[in-house]
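Source file model.cif; content: mmCIF, C-alpha atoms.
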data_work
#
loop_
_atom_site.label_atom_id
_atom_site.label_comp_id
_atom_site.auth_asym_id
_atom_site.auth_seq_id
_atom_site.Cartn_x
_atom_site.Cartn_y
_atom_site.Cartn_z
CA MET A 5 0.00 0.00 0.00
CA SER A 6 1.42 3.38 -0.95
CA GLY A 7 1.72 6.24 1.53
CA ASN A 8 1.44 6.07 5.29
CA THR A 9 -0.44 3.13 6.81
CA ILE A 10 -2.25 3.24 10.15
CA THR A 11 -2.48 -0.05 12.02
CA GLN A 12 -4.43 -0.42 15.25
CA SER A 13 -6.05 -3.07 17.40
CA VAL A 14 -9.42 -4.31 16.17
CA THR A 15 -10.74 -4.81 19.69
CA PRO A 16 -14.18 -3.19 19.75
CA SER A 17 -14.52 -0.14 21.95
CA ALA A 18 -17.46 1.96 22.93
CA ASN A 19 -15.34 5.10 22.61
CA PRO A 20 -13.83 5.45 19.11
CA ALA A 21 -11.40 8.10 20.38
CA ALA A 22 -10.07 5.71 23.01
CA ALA A 23 -9.53 3.05 20.37
CA LEU A 24 -7.15 5.39 18.54
CA VAL A 25 -4.92 5.89 21.60
CA GLY A 26 -2.81 2.88 20.65
CA ALA A 27 -2.70 3.77 16.97
CA THR A 28 0.76 3.67 15.41
CA VAL A 29 1.73 5.57 12.31
CA VAL A 30 3.77 3.26 10.05
CA GLY A 31 6.13 4.91 7.61
CA ALA A 32 5.49 8.40 8.93
CA ASN A 33 8.26 10.95 9.24
CA PRO A 34 9.33 11.09 12.95
CA ALA A 35 9.79 14.87 12.67
CA LEU A 36 6.09 15.23 11.82
CA VAL A 37 4.86 13.28 14.83
CA THR A 38 3.54 15.71 17.46
CA ALA A 39 5.62 15.51 20.63
CA PRO A 40 3.98 15.82 24.03
CA ARG A 41 3.93 19.29 25.53
CA GLN A 42 7.13 20.13 27.37
CA THR A 43 5.41 22.51 29.83
CA LEU A 44 2.55 22.03 32.27
CA ALA A 45 -0.07 24.35 33.70
CA GLN A 46 0.61 25.41 37.28
CA SER A 47 -2.38 23.48 38.63
CA ARG A 48 -1.15 20.30 36.93
CA ALA A 49 2.39 20.87 38.20
CA ALA A 50 1.10 21.34 41.76
CA ARG A 51 -0.71 18.01 41.61
CA GLU A 52 2.36 16.19 40.30
CA LEU A 53 4.51 17.67 43.07
CA GLY A 54 1.95 16.83 45.75
CA LEU A 55 1.48 20.47 46.82
CA LYS A 56 -1.62 22.47 47.55
CA ARG A 57 -2.17 25.41 45.24
CA GLY A 58 -1.26 27.90 47.98
CA GLU A 59 1.94 25.99 48.75
CA PHE A 60 2.82 25.82 45.06
CA ASP A 61 2.27 29.58 44.58
CA LEU A 62 4.46 30.30 47.58
CA ALA A 63 7.16 27.98 46.26
CA VAL A 64 7.13 29.90 42.97
CA ARG A 65 7.36 33.25 44.79
CA LEU A 66 10.31 32.04 46.86
CA GLY A 67 12.14 30.75 43.77
CA CYS A 68 11.92 27.08 44.76
CA ILE A 69 10.10 26.33 41.48
CA ARG A 70 10.90 28.20 38.28
CA THR A 71 8.22 29.06 35.75
CA VAL A 72 8.38 30.10 32.09
CA PRO A 73 6.09 32.35 30.02
CA ASP A 74 3.37 30.63 28.05
CA GLU A 75 4.06 30.83 24.32
CA GLY A 76 0.32 31.04 23.69
CA GLY A 77 0.00 34.25 25.67
CA GLY A 78 -1.62 32.74 28.77
CA GLY A 79 -0.33 32.48 32.31
CA ARG A 80 3.08 31.18 33.25
CA ARG A 81 3.78 27.44 33.02
CA VAL A 82 6.24 24.95 34.48
CA ALA A 83 8.67 23.04 32.30
CA ARG A 84 8.73 19.26 32.54
CA ALA A 85 12.46 19.44 33.21
CA GLU A 86 11.80 21.69 36.23
CA ILE A 87 9.34 19.16 37.63
CA ASP A 88 11.93 16.43 37.27
CA ARG A 89 14.58 18.59 38.96
CA VAL A 90 12.40 19.32 41.98
CA MET A 91 11.36 15.68 42.36
CA SER A 92 14.99 14.54 42.24
CA GLU A 93 16.06 16.72 45.19
CA ASP A 94 16.95 15.09 48.48
CA GLY A 95 14.08 14.86 50.96
CA PHE A 96 11.35 15.43 48.37
CA PRO A 97 8.49 16.08 49.04
CA ASP A 98 8.89 16.74 52.80
CA GLY A 99 11.83 19.05 52.29
CA LEU A 100 9.92 21.22 49.80
CA LYS A 101 6.83 21.38 52.02
CA LYS A 102 8.98 22.42 54.96
CA ARG A 103 10.46 25.33 53.01
CA VAL A 104 7.04 26.68 51.99
CA GLU A 105 5.30 26.18 55.33
CA ALA A 106 3.59 29.43 56.38
CA VAL A 107 2.18 30.04 59.85
CA GLY A 108 0.20 32.77 61.56
CA THR A 109 0.86 34.68 64.75
CA SER A 110 -0.17 31.92 67.17
CA GLU A 111 1.82 29.18 65.43
CA GLY A 112 4.78 31.51 64.98
CA ALA A 113 4.82 32.41 68.66
CA ALA A 114 4.74 28.71 69.57
CA LEU A 115 7.68 27.98 67.25
CA MET A 116 9.74 30.77 68.83
CA ASP A 117 8.53 29.94 72.37
CA VAL A 118 7.30 33.48 73.04
CA THR A 119 3.92 35.04 73.68
CA ALA A 120 1.72 36.19 70.82
CA ALA A 121 2.08 39.80 72.00
CA ARG A 122 5.88 39.61 71.88
CA PHE A 123 5.77 37.96 68.47
CA THR A 124 3.55 40.78 67.19
CA ARG A 125 6.07 43.32 68.47
CA PHE A 126 8.82 41.49 66.58
CA ALA A 127 6.77 41.67 63.39
CA ARG A 128 5.95 45.36 63.83
CA LEU A 129 9.62 46.16 64.37
CA GLY A 130 10.60 44.22 61.23
CA PHE A 131 12.54 41.40 62.91
CA VAL A 132 10.31 38.85 61.14
CA VAL A 133 8.93 39.57 57.67
CA PRO A 134 5.52 38.36 56.50
CA VAL A 135 5.44 36.35 53.31
CA LYS A 136 1.73 36.64 52.51
CA PHE A 137 -1.55 37.89 53.95
CA TYR A 138 -5.28 37.39 53.66
CA LEU A 139 -8.43 38.97 55.06
CA ASN A 140 -10.69 37.02 57.37
CA ARG A 141 -14.45 37.31 57.42
CA TYR A 142 -14.20 40.38 59.66
CA ARG A 143 -11.95 42.06 57.08
CA ALA A 144 -9.03 41.89 59.51
CA VAL A 145 -5.57 41.42 58.00
CA VAL A 146 -3.98 38.06 58.87
CA TRP A 147 -0.23 37.96 58.25
CA LEU A 148 1.59 34.70 57.53
CA TYR A 149 5.29 34.02 58.06
CA LEU A 150 7.68 31.36 56.88
CA ALA A 151 8.13 28.76 59.61
CA GLU A 152 11.70 28.11 58.52
CA GLU A 153 12.65 31.79 58.96
CA LEU A 154 11.09 31.86 62.42
CA ARG A 155 13.12 28.82 63.49
CA GLN A 156 16.31 30.45 62.24
CA PHE A 157 15.50 33.65 64.15
CA ALA A 158 14.85 31.72 67.37
CA GLU A 159 18.05 29.68 67.02
CA ALA A 160 20.32 32.69 66.49
CA GLU A 161 22.27 33.51 69.69
CA GLU A 162 22.24 37.28 69.11
CA ASN A 163 18.42 37.24 69.33
CA ALA A 164 18.33 35.61 72.78
CA PRO A 165 17.98 38.96 74.65
CA LEU A 166 14.94 39.86 72.52
CA LEU A 167 13.33 36.48 73.10
CA ASN A 168 13.87 36.31 76.87
CA GLY A 169 14.55 39.83 78.18
CA ARG A 170 12.70 43.12 78.11
CA THR A 171 12.30 45.04 74.90
CA PRO A 172 14.95 47.82 74.71
CA GLU A 173 13.73 51.32 75.49
CA GLY A 174 14.42 52.65 71.99
CA LEU A 175 12.33 49.91 70.40
CA ARG A 176 9.53 50.50 72.92
CA ASP A 177 9.47 54.18 71.95
CA GLN A 178 9.08 53.25 68.29
CA LEU A 179 6.22 50.89 69.12
CA ASP A 180 4.53 53.57 71.20
CA ALA A 181 4.84 55.97 68.23
CA GLY A 182 2.85 53.52 66.09
CA LEU A 183 5.63 51.89 64.09
CA ASP A 184 4.38 48.94 62.02
CA LEU A 185 6.65 47.62 59.25
CA ARG A 186 4.65 44.54 58.35
CA ALA A 187 2.96 45.97 55.24
CA ARG A 188 6.12 47.72 54.08
CA ASN A 189 8.27 44.62 54.49
CA TRP A 190 5.70 42.56 52.61
CA ARG A 191 5.74 45.07 49.73
CA GLY A 192 9.52 44.86 49.55
CA ARG A 193 9.34 41.10 49.37
CA HIS A 194 6.54 41.24 46.82
CA VAL A 195 8.32 43.60 44.41
CA GLY A 196 11.40 41.38 44.59
CA PHE A 197 9.29 38.44 43.46
CA LEU A 198 7.83 40.46 40.58
CA LEU A 199 11.27 41.58 39.39
CA ARG A 200 12.57 38.00 39.43
CA GLN A 201 9.80 36.89 37.10
CA THR A 202 10.82 39.00 34.09
CA GLU A 203 13.79 40.54 32.32
CA ASP A 204 11.78 42.93 30.15
CA PRO A 205 12.48 46.55 31.23
CA TRP A 206 8.87 47.67 30.65
CA ALA A 207 7.55 44.79 32.77
CA ARG A 208 10.05 45.65 35.52
CA ALA A 209 8.91 49.28 35.43
CA ALA A 210 5.29 48.14 35.69
CA ALA A 211 6.21 45.98 38.72
CA VAL A 212 7.66 48.98 40.56
CA ALA A 213 4.76 51.22 39.51
CA SER A 214 2.23 48.72 40.88
CA LEU A 215 3.25 49.71 44.43
CA LEU A 216 2.79 53.46 43.84
CA ASP A 217 -0.34 55.56 43.78
CA PRO A 218 -1.48 56.35 40.19
CA ALA A 219 -0.92 60.05 40.83
CA GLN A 220 2.70 59.35 41.73
CA VAL A 221 3.14 57.27 38.57
CA ALA A 222 1.63 60.03 36.40
CA GLU A 223 4.18 62.55 37.71
CA ILE A 224 7.09 60.32 36.69
CA VAL A 225 5.63 58.85 33.49
CA ALA A 226 4.15 62.01 32.02
CA ASP A 227 3.70 60.60 28.51
CA PRO A 228 0.20 59.02 28.30
CA TYR A 229 1.35 56.60 25.60
CA GLU A 230 4.17 55.35 27.83
CA ARG A 231 1.75 54.91 30.74
CA ALA A 232 -0.67 52.97 28.55
CA TYR A 233 2.11 50.74 27.26
CA MET A 234 3.43 50.14 30.76
CA ASN A 235 -0.07 49.20 31.94
CA CYS A 236 -0.01 46.34 29.42
CA PHE A 237 2.64 44.72 31.65
CA ASP A 238 0.84 45.44 34.92
CA PRO A 239 1.33 42.37 37.15
CA GLU A 240 -1.71 40.35 38.09
CA ARG A 241 -2.98 41.26 41.54
CA THR A 242 -4.48 38.85 44.01
CA THR A 243 -8.15 39.72 44.45
CA HIS A 244 -9.57 40.18 47.92
CA GLY A 245 -13.35 40.44 47.68
CA ALA A 246 -15.44 42.07 44.97
CA PRO A 247 -14.12 45.20 43.24
CA ASP A 248 -14.74 48.41 45.25
CA SER A 249 -15.72 46.34 48.28
CA PRO A 250 -14.36 47.23 51.75
CA ALA A 251 -12.08 44.18 51.62
CA ALA A 252 -10.71 45.26 48.24
CA HIS A 253 -9.97 48.75 49.61
CA VAL A 254 -8.10 47.27 52.58
CA ALA A 255 -5.99 45.09 50.27
CA ALA A 256 -5.30 48.03 47.95
CA ARG A 257 -4.07 50.09 50.90
CA ILE A 258 -1.64 47.33 51.87
CA MET A 259 -0.36 47.08 48.29
CA THR A 260 0.30 50.84 48.00
CA ALA A 261 3.35 52.54 49.50
CA GLU A 262 2.56 55.07 52.24
CA ASP A 263 5.80 55.99 54.00
CA PRO A 264 7.53 59.06 52.48
CA ASP A 265 10.95 57.40 52.35
CA GLU A 266 9.48 54.28 50.73
CA ILE A 267 7.66 56.39 48.14
CA SER A 268 10.85 58.31 47.40
CA TRP A 269 12.79 55.07 46.91
CA LEU A 270 10.14 53.62 44.58
CA ARG A 271 9.90 56.85 42.55
CA SER A 272 13.66 56.88 42.05
CA ASP A 273 13.67 53.20 41.10
CA LEU A 274 10.80 53.74 38.65
CA ALA A 275 12.58 56.68 36.99
CA ASN A 276 15.76 54.64 36.51
CA THR A 277 13.88 51.60 35.20
CA LEU A 278 11.90 53.80 32.84
CA GLN A 279 15.10 55.18 31.34
CA GLU A 280 16.29 51.63 30.69
CA ALA A 281 12.95 50.73 29.12
CA ARG A 282 13.06 53.74 26.78
CA ALA A 283 16.57 52.84 25.68
CA HIS A 284 15.56 49.20 25.14
CA ARG A 285 12.30 49.82 23.25
CA ARG A 286 10.25 52.92 22.59
CA ALA A 287 6.60 52.89 23.58
CA PRO A 288 4.30 52.60 20.54
CA ARG A 289 2.25 55.64 19.64
CA PRO A 290 -0.15 56.45 16.78
CA THR A 291 1.44 57.77 13.59
CA PRO A 292 0.13 61.25 12.64
CA LYS A 293 -1.78 61.21 9.36
CA PRO A 294 -0.25 63.48 6.68
CA PRO A 295 -2.66 65.94 4.98
CA THR A 296 -4.26 64.44 1.90
CA GLN A 297 -3.60 65.82 -1.56
CA ALA A 298 -7.25 66.84 -1.98
CA ALA A 299 -7.24 68.85 1.27
CA SER A 300 -4.02 70.62 0.30
CA ARG A 301 -5.41 71.47 -3.14
CA GLU A 302 -8.66 72.81 -1.65
CA ARG A 303 -6.76 75.02 0.78
CA SER A 304 -4.57 76.39 -2.01
CA GLU A 305 -7.65 77.17 -4.13
CA LEU A 306 -9.29 78.98 -1.20
CA ILE A 307 -6.20 81.11 -0.58
CA GLU A 308 -5.95 81.95 -4.27
CA GLU A 309 -9.65 82.96 -4.42
CA ARG A 310 -9.30 85.32 -1.48
CA ARG A 311 -6.18 86.88 -2.98
CA ARG A 312 -8.02 87.46 -6.28
CA LEU A 313 -10.99 89.15 -4.56
CA ILE A 314 -8.71 91.49 -2.63
CA GLU A 315 -6.85 92.40 -5.82
CA GLU A 316 -10.11 93.14 -7.69
CA ARG A 317 -11.35 95.43 -4.92
CA ARG A 318 -8.04 97.25 -4.88
CA GLN A 319 -8.15 97.82 -8.65
CA SER A 320 -11.77 99.04 -8.50
CA GLY A 321 -10.77 101.87 -6.12
CA ASP A 322 -12.61 100.65 -3.06
CA ALA A 323 -11.35 102.68 -0.11
CA ARG A 324 -12.18 100.09 2.48
CA GLN A 325 -9.51 97.78 3.77
CA PRO A 326 -9.69 94.16 2.62
CA THR A 327 -10.43 92.96 6.11
CA GLU A 328 -13.23 95.54 6.44
CA ALA A 329 -14.71 94.49 3.09
CA PHE A 330 -15.06 90.90 4.26
CA ARG A 331 -16.40 91.86 7.70
CA PRO A 332 -20.14 91.17 8.11
CA ALA A 333 -22.49 94.12 8.44
CA ASP A 334 -23.55 93.35 11.99
CA VAL A 335 -19.88 93.16 13.07
CA ARG A 336 -19.15 96.52 11.45
CA GLN A 337 -22.04 98.12 13.30
CA SER A 338 -21.04 96.56 16.66
CA THR A 339 -17.51 97.97 16.37
CA GLY A 340 -18.82 101.50 15.92
CA VAL A 341 -18.13 101.87 12.14
CA GLN A 342 -20.89 104.16 10.83
CA GLU A 343 -20.87 104.71 7.08
CA HIS A 344 -23.23 107.31 5.61
CA ALA A 345 -25.15 106.40 2.46
CA ASP A 346 -23.97 109.58 0.72
CA VAL A 347 -20.38 108.47 1.04
CA ARG A 348 -20.99 105.00 -0.32
CA GLN A 349 -23.38 105.84 -3.19
CA PRO A 350 -23.08 108.33 -6.07
CA THR A 351 -25.68 111.13 -6.54
CA GLY A 352 -27.52 109.42 -9.40
CA VAL A 353 -27.96 106.27 -7.43
CA ARG A 354 -29.40 108.19 -4.47
CA HIS A 355 -31.96 110.01 -6.71
CA GLN A 356 -33.10 106.71 -8.24
CA ALA A 357 -33.52 105.20 -4.76
CA GLN A 358 -35.70 108.19 -3.68
CA VAL A 359 -37.93 107.93 -6.78
CA ARG A 360 -38.31 104.16 -6.25
CA GLN A 361 -39.33 104.75 -2.61
CA THR A 362 -41.95 107.36 -3.70
CA ILE A 363 -43.54 105.01 -6.24
CA ASP A 364 -43.55 101.97 -4.00
CA GLU A 365 -44.68 103.76 -0.83
CA PRO A 366 -46.65 107.03 -1.59
CA GLU A 367 -46.85 109.62 1.14
CA ARG A 368 -49.99 109.30 3.33
CA PRO A 369 -52.32 112.44 3.16
CA ARG A 370 -52.91 114.53 6.21
CA ARG A 371 -56.62 113.79 6.94
CA LEU A 372 -57.39 116.62 9.41
CA LEU A 373 -55.78 119.32 7.26
CA GLY A 374 -57.61 118.12 4.14
CA TRP A 375 -60.97 118.17 5.95
CA LEU A 376 -60.45 121.73 7.13
CA ARG A 377 -59.57 122.89 3.62
CA ARG A 378 -62.70 121.34 2.16
CA ARG A 379 -64.85 122.92 4.88
CA ASN A 380 -63.52 126.44 4.27
CA ALA A 381 -63.79 126.21 0.47
#
Since I need it in another form, could you write the structure as structure tokens?
Amino acid sequence: MSGNTITQSVTPSANPAAALVGATVVGANPALVTAPRQTLAQSRAARELGLKRGEFDLAVRLGCIRTVPDEGGGGRRVARAEIDRVMSEDGFPDGLKKRVEAVGTSEGAALMDVTAARFTRFARLGFVVPVKFYLNRYRAVVWLYLAEELRQFAEAEENAPLLNGRTPEGLRDQLDAGLDLRARNWRGRHVGFLLRQTEDPWARAAAVASLLDPAQVAEIVADPYERAYMNCFDPERTTHGAPDSPAAHVAARIMTAEDPDEISWLRSDLANTLQEARAHRRAPRPTPKPPTQAASRERSELIEERRRLIEERRQSGDARQPTEAFRPADVRQSTGVQEHADVRQPTGVRHQAQVRQTIDEPERPRRLLGWLRRRNA
């Protein structure tokens, strides 16, 4: 038989598509046979690694699992080779789960063998940095911390006075003044994750701009076309509640820089990144349309017609200025220009106008005077 031949089992099957699973192409070119996809969706990769979706996302943020952009324009994917690398590590999967374990305030205090109040003071002072947060049903912010980092902090000898003794006076003064670095430290960690995910300068500028208020971004990126292009690379934000809901406003406040020194640092970083982006690739903008040939010809004809009219009036001896000749009558009257009819019209023309007015509108007789004359006659 000429051409490619398909041979398959003749075992009957209720599903014809399933019967073709074992089909073999005989004589086909191996280069034309479709190879299995070399990347997996993140949900599929999480299942293969035995991780919950939250644990997988945290592993990606921490750099434990590397992702690649989707060639089809979708979300990021995980290469099959990366899955094999993670599964071949020593202690998998317990070692990976231990690195991405996140705990709240109560569990963190138990790991460090301190009270919850002392642990909260450590977090407010920035000694422990939150790795993620969520809002509970009361719209209260719940911060989560890496268990591995808390163990390392508790095991360090230089931290023993903080764990067992009184809080130093200088730190107590800062706490009394309302110092709370949890949101700021989370933003610093978050922007680091965003910058690790891309090498494109415009995407890196969008990552920095995502932590600034839009008014701050507009002052630095004054060009609206550059702002629109940068918004195309705006990183995806984790949703907390419906848009414009109280929970969404709380999350937006956490994701936006508030401290003056933090805002200054982000503005400077955005300006520098924007310069790199402009040098790497200019932002697209609409091309101005050149004037058409018909419009140019019409404008030239109009200019030539006006020039001809002015020249004709000048040759005819008209004393008025060209601009005054083209000015409407009501405009001439409103500007106080009063022109007498005797100046504008010759004597013969005025006499003809008076005769025409007499014929069209005869003078009305004086009735009382005519009656008196008839009575006296």
Starting from the displayed file, determine the output of the PyMOL selection byres ((chain A and resi 154) around 12) and express the residue list as a ChimeraX atom specification. /A:103,105-109,111-118,123,126-127,131-135,148-153,155-160,163,167
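When only C-alpha atoms are used to measure the gap to Leu185 (chain A), the shortest distance among A:Ile307, A:Ala252, A:Leu129, A:Leu66 belongs to A:Leu129.
If all atoms listed in the file are the atoms counted, then among A:Leu179, A:Ala164, A:Ala255, A:Leu278 the closest residue to Ala210 (chain A) is A:Leu278.
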Selection result for the PyMOL selection byres ((chain A and resi 286) around 12) on this file, as a ChimeraX atom specification: /A:205-206,227,229-231,233-234,278-285,287-289
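Computed from the coordinates, the CA of Asp177 (chain A) to CA of Arg128 (chain A) distance equals 12.5 Å.
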Running the PyMOL selection byres ((chain A and resi 211) around 12) on this model by hand, what would come out? Give it as a VMD selection string. chain A and resid 191 to 192 194 to 210 212 to 216 221 234 to 241 259 270 273 to 274 277 to 278
Generate a file of the selected residues that holds C-alpha atoms, formatted as a PDB file, in the frame of the given file.
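Result written to out.pdb:
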ATOM      1  CA  ARG A 191       5.740  45.070  49.730  1.00  0.00           C
ATOM      2  CA  GLY A 192       9.520  44.860  49.550  1.00  0.00           C
ATOM      3  CA  HIS A 194       6.540  41.240  46.820  1.00  0.00           C
ATOM      4  CA  VAL A 195       8.320  43.600  44.410  1.00  0.00           C
ATOM      5  CA  GLY A 196      11.400  41.380  44.590  1.00  0.00           C
ATOM      6  CA  PHE A 197       9.290  38.440  43.460  1.00  0.00           C
ATOM      7  CA  LEU A 198       7.830  40.460  40.580  1.00  0.00           C
ATOM      8  CA  LEU A 199      11.270  41.580  39.390  1.00  0.00           C
ATOM      9  CA  ARG A 200      12.570  38.000  39.430  1.00  0.00           C
ATOM     10  CA  GLN A 201       9.800  36.890  37.100  1.00  0.00           C
ATOM     11  CA  THR A 202      10.820  39.000  34.090  1.00  0.00           C
ATOM     12  CA  GLU A 203      13.790  40.540  32.320  1.00  0.00           C
ATOM     13  CA  ASP A 204      11.780  42.930  30.150  1.00  0.00           C
ATOM     14  CA  PRO A 205      12.480  46.550  31.230  1.00  0.00           C
ATOM     15  CA  TRP A 206       8.870  47.670  30.650  1.00  0.00           C
ATOM     16  CA  ALA A 207       7.550  44.790  32.770  1.00  0.00           C
ATOM     17  CA  ARG A 208      10.050  45.650  35.520  1.00  0.00           C
ATOM     18  CA  ALA A 209       8.910  49.280  35.430  1.00  0.00           C
ATOM     19  CA  ALA A 210       5.290  48.140  35.690  1.00  0.00           C
ATOM     20  CA  VAL A 212       7.660  48.980  40.560  1.00  0.00           C
ATOM     21  CA  ALA A 213       4.760  51.220  39.510  1.00  0.00           C
ATOM     22  CA  SER A 214       2.230  48.720  40.880  1.00  0.00           C
ATOM     23  CA  LEU A 215       3.250  49.710  44.430  1.00  0.00           C
ATOM     24  CA  LEU A 216       2.790  53.460  43.840  1.00  0.00           C
ATOM     25  CA  VAL A 221       3.140  57.270  38.570  1.00  0.00           C
ATOM     26  CA  MET A 234       3.430  50.140  30.760  1.00  0.00           C
ATOM     27  CA  ASN A 235      -0.070  49.200  31.940  1.00  0.00           C
ATOM     28  CA  CYS A 236      -0.010  46.340  29.420  1.00  0.00           C
ATOM     29  CA  PHE A 237       2.640  44.720  31.650  1.00  0.00           C
ATOM     30  CA  ASP A 238       0.840  45.440  34.920  1.00  0.00           C
ATOM     31  CA  PRO A 239       1.330  42.370  37.150  1.00  0.00           C
ATOM     32  CA  GLU A 240      -1.710  40.350  38.090  1.00  0.00           C
ATOM     33  CA  ARG A 241      -2.980  41.260  41.540  1.00  0.00           C
ATOM     34  CA  MET A 259      -0.360  47.080  48.290  1.00  0.00           C
ATOM     35  CA  LEU A 270      10.140  53.620  44.580  1.00  0.00           C
ATOM     36  CA  ASP A 273      13.670  53.200  41.100  1.00  0.00           C
ATOM     37  CA  LEU A 274      10.800  53.740  38.650  1.00  0.00           C
ATOM     38  CA  THR A 277      13.880  51.600  35.200  1.00  0.00           C
ATOM     39  CA  LEU A 278      11.900  53.800  32.840  1.00  0.00           C
TER      40      LEU A 278
END
